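Enquirer: Can you read through this structure? Questions will come right after.
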Amino acid sequence: MSHGDSDELQAARAQLVSYGARLLADGLAVGSAGNISVRLGDIVAVTPSGIGYEDMRPADVCLVALDGTELGGPDAETPSSETPMHLAIYAATAAAAVVHTHSPEVIALSASRPELPAVHYAITSLGGPVRVAPYVRFGSAGLAAAAVGALDGRTAVILRNHGAVTYGRDLAQAYDRALLLEWLARTYRMALSYGEPVILSAAELDEVTAEARRRRYGERRGGPDRNTTAR
Ligand SMILES: [Zn+2]
């Protein structure tokens with residue numbers, strides 16, 4: 001823990017370490033690949049570059065301002081190389097947490113398809129069919145721009161030959177979306193093994209969204225998204 005951290009920041013550091021370990025356990029990344037962040041007002045807490053999740057401690061978590069200025073002092077670790085992408089997503093959306101994975105099902109899909117279609121209605125949690133953003137080198141401003149562009153109206157984007165990004169109102173929701181995205185990609189691949197799958201229409205997806213809203217899931221149990229996927 002750094003001196004001067006608020007309780008909220010200390011909690012965010014611990015949460016990023018525990019979710020980093022989950023990235024490995026859930027097969028969403030290997031080694032130190034992928035990265036996650038949480039926004040607390042004007043500060044973003046983000047996993048450091050080049051430290052394996054198994055070795056990461058709360059004190060290793062980096063703090064940056066929304067303009068990318070590093071706030072950690074001279075002994076701080078280097079923020080994730082994809083910090084510009086995280087910051088671009090915070091600037092463009094209402095995200096409070098961002099999860100970037102190198103999960104195999106979405107990477108495999110990204111190499112051969114332009115989007116993940118609606119093979120299951122739970123995709124409404126991600127805003128609909130998930131686009132594959134064009135390939136741009138890791139850590140670049142171009143990748144950040146490509147990700148934000150392909151996120152339009154979605155809470156998830158697949159990065160071609162690279163991985164995926166999801167966001168949410170908190171880290172639990174962003175992470176659940178990363179798991180859902182990987183599950184949907186796997187399900188789609190399985191469906192393709194039978195031939196060309198039937199895909200849900202925009203009208204059918206709209207009906208799901210309207211029904212979830214009608215049931216007021218958002219007021220009862222934390223949003224239509226989670227409950228739509230749980231049914
Ligand atoms: Zn990456």
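For the structure tokens, the naming scheme is as follows: chains receive sequential letters (A, B, ...) according to their order of presentation, residues are indexed from 1 within each chain, and ligands are indexed from 1 in presentation order.
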Residues within 8 Å of ligand 1 (only C-alpha atoms and all ligand atoms), as a list of chain:residue names?
Expert: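 Protein and nucleic-acid residues within 8 Å of ligand 1: A:Ala33, A:Gly34, A:Asn35, A:Glu82, A:His100, A:Thr101, A:His102, A:Phe138, A:Gly139, A:His162, A:Gly163, A:Ala164.
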Enquirer: Based on the selection just made, write N, CA, C and O atoms of those residues as a compact mmCIF listing (two decimals), in the first residue's frame.
Expert:
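Wrote it out as part_35.txt, contents follow:
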# COMPACT_ATOMS: atom_id res chain seq x y z
N ALA A 33 -0.05 -11.24 -19.55
CA ALA A 33 -0.85 -10.68 -20.65
C ALA A 33 -2.19 -10.18 -20.14
O ALA A 33 -2.68 -10.61 -19.11
N GLY A 34 -2.79 -9.29 -20.94
CA GLY A 34 -4.04 -8.68 -20.54
C GLY A 34 -3.78 -7.63 -19.46
O GLY A 34 -2.67 -7.53 -18.94
N ASN A 35 -4.79 -6.84 -19.16
CA ASN A 35 -4.65 -5.83 -18.11
C ASN A 35 -6.03 -5.33 -17.72
O ASN A 35 -6.97 -5.42 -18.51
N GLU A 82 -1.15 -0.97 -22.33
CA GLU A 82 -2.45 -0.62 -22.93
C GLU A 82 -3.19 0.46 -22.14
O GLU A 82 -4.38 0.68 -22.36
N HIS A 100 -9.16 -6.07 -20.16
CA HIS A 100 -8.59 -6.45 -21.46
C HIS A 100 -8.01 -7.85 -21.33
O HIS A 100 -7.14 -8.09 -20.49
N THR A 101 -8.51 -8.78 -22.14
CA THR A 101 -8.07 -10.18 -22.08
C THR A 101 -7.33 -10.58 -23.35
O THR A 101 -7.44 -9.91 -24.39
N HIS A 102 -6.58 -11.66 -23.24
CA HIS A 102 -6.05 -12.36 -24.42
C HIS A 102 -6.67 -13.75 -24.42
O HIS A 102 -5.98 -14.76 -24.31
N PHE A 138 -0.11 -3.38 -30.59
CA PHE A 138 -0.39 -3.23 -29.16
C PHE A 138 0.22 -1.92 -28.63
O PHE A 138 1.26 -1.45 -29.12
N GLY A 139 -0.43 -1.34 -27.65
CA GLY A 139 0.12 -0.17 -26.97
C GLY A 139 0.07 1.13 -27.76
O GLY A 139 0.61 2.13 -27.31
N HIS A 162 -5.56 -10.26 -31.42
CA HIS A 162 -5.00 -9.70 -30.18
C HIS A 162 -5.78 -10.16 -28.94
O HIS A 162 -5.21 -10.80 -28.07
N GLY A 163 -7.07 -9.83 -28.84
CA GLY A 163 -7.80 -10.17 -27.61
C GLY A 163 -9.15 -9.50 -27.58
O GLY A 163 -9.81 -9.37 -28.61
N ALA A 164 -9.56 -9.06 -26.40
CA ALA A 164 -10.86 -8.44 -26.25
C ALA A 164 -10.82 -7.41 -25.13
O ALA A 164 -9.92 -7.42 -24.29
Enquirer: Please provide as a PyMOL selection string all residues within 12 Å of Leu23 of chain A, with the sequence filter that same-chain residues fewer than 4 positions apart are discarded (counting only C-alpha atoms).
Expert: chain A and resi 16-19+27-36+52-54+99-103+175-176+178-179+182
Enquirer: Once you have the residues from the selection above, write them out as a PDB file, in the first residue's frame, restricted to N, CA and C atoms.
Expert:
ATOM      1  N   LEU A  16      -7.850  -5.294  -7.972  1.00  0.00           N
ATOM      2  CA  LEU A  16      -7.146  -5.528  -9.244  1.00  0.00           C
ATOM      3  C   LEU A  16      -6.221  -6.735  -9.144  1.00  0.00           C
ATOM      4  N   VAL A  17      -5.576  -6.913  -7.996  1.00  0.00           N
ATOM      5  CA  VAL A  17      -4.714  -8.087  -7.820  1.00  0.00           C
ATOM      6  C   VAL A  17      -5.541  -9.369  -7.841  1.00  0.00           C
ATOM      7  N   SER A  18      -6.676  -9.366  -7.145  1.00  0.00           N
ATOM      8  CA  SER A  18      -7.461 -10.609  -7.093  1.00  0.00           C
ATOM      9  C   SER A  18      -8.100 -10.921  -8.445  1.00  0.00           C
ATOM     10  N   TYR A  19      -8.550  -9.905  -9.166  1.00  0.00           N
ATOM     11  CA  TYR A  19      -9.112 -10.169 -10.500  1.00  0.00           C
ATOM     12  C   TYR A  19      -8.018 -10.533 -11.502  1.00  0.00           C
ATOM     13  N   GLY A  27      -8.569 -18.711 -17.552  1.00  0.00           N
ATOM     14  CA  GLY A  27      -8.066 -18.924 -18.912  1.00  0.00           C
ATOM     15  C   GLY A  27      -8.256 -17.739 -19.837  1.00  0.00           C
ATOM     16  N   LEU A  28      -8.396 -16.535 -19.272  1.00  0.00           N
ATOM     17  CA  LEU A  28      -8.594 -15.345 -20.103  1.00  0.00           C
ATOM     18  C   LEU A  28      -7.268 -14.686 -20.491  1.00  0.00           C
ATOM     19  N   ALA A  29      -6.183 -15.125 -19.877  1.00  0.00           N
ATOM     20  CA  ALA A  29      -4.852 -14.601 -20.205  1.00  0.00           C
ATOM     21  C   ALA A  29      -3.811 -15.550 -19.642  1.00  0.00           C
ATOM     22  N   VAL A  30      -2.582 -15.428 -20.125  1.00  0.00           N
ATOM     23  CA  VAL A  30      -1.473 -16.207 -19.577  1.00  0.00           C
ATOM     24  C   VAL A  30      -0.350 -15.250 -19.174  1.00  0.00           C
ATOM     25  N   GLY A  31       0.439 -15.655 -18.174  1.00  0.00           N
ATOM     26  CA  GLY A  31       1.591 -14.851 -17.747  1.00  0.00           C
ATOM     27  C   GLY A  31       1.174 -13.484 -17.261  1.00  0.00           C
ATOM     28  N   SER A  32       1.704 -12.441 -17.912  1.00  0.00           N
ATOM     29  CA  SER A  32       1.343 -11.073 -17.536  1.00  0.00           C
ATOM     30  C   SER A  32       0.477 -10.424 -18.613  1.00  0.00           C
ATOM     31  N   ALA A  33      -0.047 -11.238 -19.545  1.00  0.00           N
ATOM     32  CA  ALA A  33      -0.848 -10.683 -20.647  1.00  0.00           C
ATOM     33  C   ALA A  33      -2.191 -10.178 -20.141  1.00  0.00           C
ATOM     34  N   GLY A  34      -2.788  -9.288 -20.940  1.00  0.00           N
ATOM     35  CA  GLY A  34      -4.039  -8.676 -20.536  1.00  0.00           C
ATOM     36  C   GLY A  34      -3.781  -7.634 -19.458  1.00  0.00           C
ATOM     37  N   ASN A  35      -4.788  -6.841 -19.158  1.00  0.00           N
ATOM     38  CA  ASN A  35      -4.648  -5.828 -18.113  1.00  0.00           C
ATOM     39  C   ASN A  35      -6.028  -5.330 -17.721  1.00  0.00           C
ATOM     40  N   ILE A  36      -6.127  -4.845 -16.505  1.00  0.00           N
ATOM     41  CA  ILE A  36      -7.420  -4.396 -16.001  1.00  0.00           C
ATOM     42  C   ILE A  36      -7.250  -3.076 -15.259  1.00  0.00           C
ATOM     43  N   GLY A  52       3.916 -10.713 -13.655  1.00  0.00           N
ATOM     44  CA  GLY A  52       2.968 -11.810 -13.734  1.00  0.00           C
ATOM     45  C   GLY A  52       1.907 -11.677 -12.648  1.00  0.00           C
ATOM     46  N   TYR A  53       0.688 -12.092 -12.971  1.00  0.00           N
ATOM     47  CA  TYR A  53      -0.399 -11.921 -12.002  1.00  0.00           C
ATOM     48  C   TYR A  53      -0.132 -12.682 -10.706  1.00  0.00           C
ATOM     49  N   GLU A  54       0.604 -13.772 -10.802  1.00  0.00           N
ATOM     50  CA  GLU A  54       0.875 -14.557  -9.595  1.00  0.00           C
ATOM     51  C   GLU A  54       1.814 -13.816  -8.644  1.00  0.00           C
ATOM     52  N   VAL A  99     -11.672  -4.294 -18.621  1.00  0.00           N
ATOM     53  CA  VAL A  99     -10.942  -5.563 -18.586  1.00  0.00           C
ATOM     54  C   VAL A  99     -10.468  -5.887 -20.001  1.00  0.00           C
ATOM     55  N   HIS A 100      -9.161  -6.073 -20.159  1.00  0.00           N
ATOM     56  CA  HIS A 100      -8.591  -6.448 -21.455  1.00  0.00           C
ATOM     57  C   HIS A 100      -8.006  -7.855 -21.333  1.00  0.00           C
ATOM     58  N   THR A 101      -8.511  -8.783 -22.139  1.00  0.00           N
ATOM     59  CA  THR A 101      -8.068 -10.175 -22.077  1.00  0.00           C
ATOM     60  C   THR A 101      -7.327 -10.578 -23.351  1.00  0.00           C
ATOM     61  N   HIS A 102      -6.584 -11.663 -23.241  1.00  0.00           N
ATOM     62  CA  HIS A 102      -6.047 -12.364 -24.416  1.00  0.00           C
ATOM     63  C   HIS A 102      -6.667 -13.754 -24.417  1.00  0.00           C
ATOM     64  N   SER A 103      -7.976 -13.816 -24.472  1.00  0.00           N
ATOM     65  CA  SER A 103      -8.669 -15.098 -24.315  1.00  0.00           C
ATOM     66  C   SER A 103      -8.776 -15.810 -25.668  1.00  0.00           C
ATOM     67  N   TYR A 175     -15.768  -7.749 -15.611  1.00  0.00           N
ATOM     68  CA  TYR A 175     -15.174  -9.088 -15.666  1.00  0.00           C
ATOM     69  C   TYR A 175     -16.203 -10.132 -16.102  1.00  0.00           C
ATOM     70  N   ASP A 176     -17.416 -10.034 -15.564  1.00  0.00           N
ATOM     71  CA  ASP A 176     -18.478 -10.960 -15.989  1.00  0.00           C
ATOM     72  C   ASP A 176     -18.690 -10.863 -17.500  1.00  0.00           C
ATOM     73  N   ALA A 178     -16.424 -10.076 -19.708  1.00  0.00           N
ATOM     74  CA  ALA A 178     -15.296 -10.749 -20.379  1.00  0.00           C
ATOM     75  C   ALA A 178     -15.524 -12.255 -20.421  1.00  0.00           C
ATOM     76  N   LEU A 179     -16.024 -12.806 -19.325  1.00  0.00           N
ATOM     77  CA  LEU A 179     -16.330 -14.245 -19.290  1.00  0.00           C
ATOM     78  C   LEU A 179     -17.464 -14.577 -20.266  1.00  0.00           C
ATOM     79  N   GLU A 182     -16.240 -14.563 -23.904  1.00  0.00           N
ATOM     80  CA  GLU A 182     -15.480 -15.769 -24.233  1.00  0.00           C
ATOM     81  C   GLU A 182     -16.426 -16.969 -24.386  1.00  0.00           C
TER      82      GLU A 182
END
Enquirer: How many Å separate atom CA of Val208 of chain A from atom CA of Ser125 of chain A?
Expert: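 If I compute the distance from atom CA of Val208 of chain A to atom CA of Ser125 of chain A, I get 9.9 Å.
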Enquirer: Select from segment 93-149 of chain A every residue with an atom at most 12 Å from any atom of segment 191-196 of chain A, then for each give the shortest pair of atoms and their distance in Å to one decimal, using only C-alpha atoms, rows by chain and rising number, as a tab-separated table.
Expert:
residue	atom	partner	partner_atom	distance
A:Leu109	CA	A:Leu192	CA	11.2
A:Arg113	CA	A:Leu192	CA	11.9
A:Leu116	CA	A:Leu192	CA	11.9
A:Pro117	CA	A:Ala191	CA	11.4
A:Ala118	CA	A:Ala191	CA	11.5
A:Val119	CA	A:Ala191	CA	8.0
A:His120	CA	A:Ala191	CA	10.5
Enquirer: Could you dump the residues just selected with C-alpha atoms as an mmCIF file, in the first residue's frame?
Expert:
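Everything below was put into selection.cif:
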data_model
loop_
_atom_site.group_PDB
_atom_site.id
_atom_site.type_symbol
_atom_site.label_atom_id
_atom_site.label_comp_id
_atom_site.auth_asym_id
_atom_site.auth_seq_id
_atom_site.Cartn_x
_atom_site.Cartn_y
_atom_site.Cartn_z
ATOM 1 C CA LEU A 109 -12.759 -15.844 -33.947
ATOM 2 C CA ARG A 113 -14.746 -13.338 -38.714
ATOM 3 C CA LEU A 116 -19.361 -12.256 -33.088
ATOM 4 C CA PRO A 117 -22.998 -12.681 -34.145
ATOM 5 C CA ALA A 118 -26.001 -13.204 -31.874
ATOM 6 C CA VAL A 119 -25.849 -16.962 -31.439
ATOM 7 C CA HIS A 120 -27.466 -16.548 -27.981
#
Enquirer: Rounded to one decimal place, report the atom CA of Leu143 of chain A-atom CA of Ser81 of chain A distance in Å.
Expert: 11.4 Å
Enquirer: Just want the 8 Å neighbourhood of Ala95 of chain A, counted on only C-alpha atoms, with same-chain residues fewer than 2 positions away dropped. Output as a PDB file with C-alpha atoms, in the first residue's frame.
Expert:
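Contents of part.pdb, as written:
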ATOM      1  CA  ARG A  39     -11.642   4.441 -12.411  1.00  0.00           C
ATOM      2  CA  ILE A  89     -12.513   4.055 -23.153  1.00  0.00           C
ATOM      3  CA  TYR A  90     -13.021   6.043 -19.934  1.00  0.00           C
ATOM      4  CA  THR A  93     -18.005   5.897 -22.218  1.00  0.00           C
ATOM      5  CA  ALA A  97     -13.811  -0.531 -14.940  1.00  0.00           C
ATOM      6  CA  VAL A  98     -12.131  -1.982 -18.035  1.00  0.00           C
ATOM      7  CA  TYR A 167     -16.194  -2.486 -19.577  1.00  0.00           C
ATOM      8  CA  GLY A 168     -18.806  -2.050 -16.869  1.00  0.00           C
ATOM      9  CA  ARG A 169     -20.092   0.039 -14.002  1.00  0.00           C
ATOM     10  CA  ASP A 170     -17.674  -1.814 -11.728  1.00  0.00           C
TER      11      ASP A 170
END
Enquirer: From a backbone DSSP assignment, name each residue in segment 53-217 of chain A labelled helix (DSSP H, G or I), as a count of residues only.
Expert: 73
Enquirer: Extract the full set of strand (DSSP E) residues from segment 159-216 of chain A according to DSSP on the backbone, and format it as an MDAnalysis selection string.
Expert: chainID A and resid 159 163:168
Enquirer: Write the residues you've just listed into a file as a PDB file, in the first residue's frame, and include C-alpha atoms for each of them.
Expert:
ATOM      1  CA  LEU A 159      -9.348  -6.806 -31.146  1.00  0.00           C
ATOM      2  CA  GLY A 163      -7.798 -10.167 -27.615  1.00  0.00           C
ATOM      3  CA  ALA A 164     -10.859  -8.439 -26.246  1.00  0.00           C
ATOM      4  CA  VAL A 165     -11.967  -5.514 -24.085  1.00  0.00           C
ATOM      5  CA  THR A 166     -15.070  -5.193 -21.943  1.00  0.00           C
ATOM      6  CA  TYR A 167     -16.194  -2.486 -19.577  1.00  0.00           C
ATOM      7  CA  GLY A 168     -18.806  -2.050 -16.869  1.00  0.00           C
TER       8      GLY A 168
END
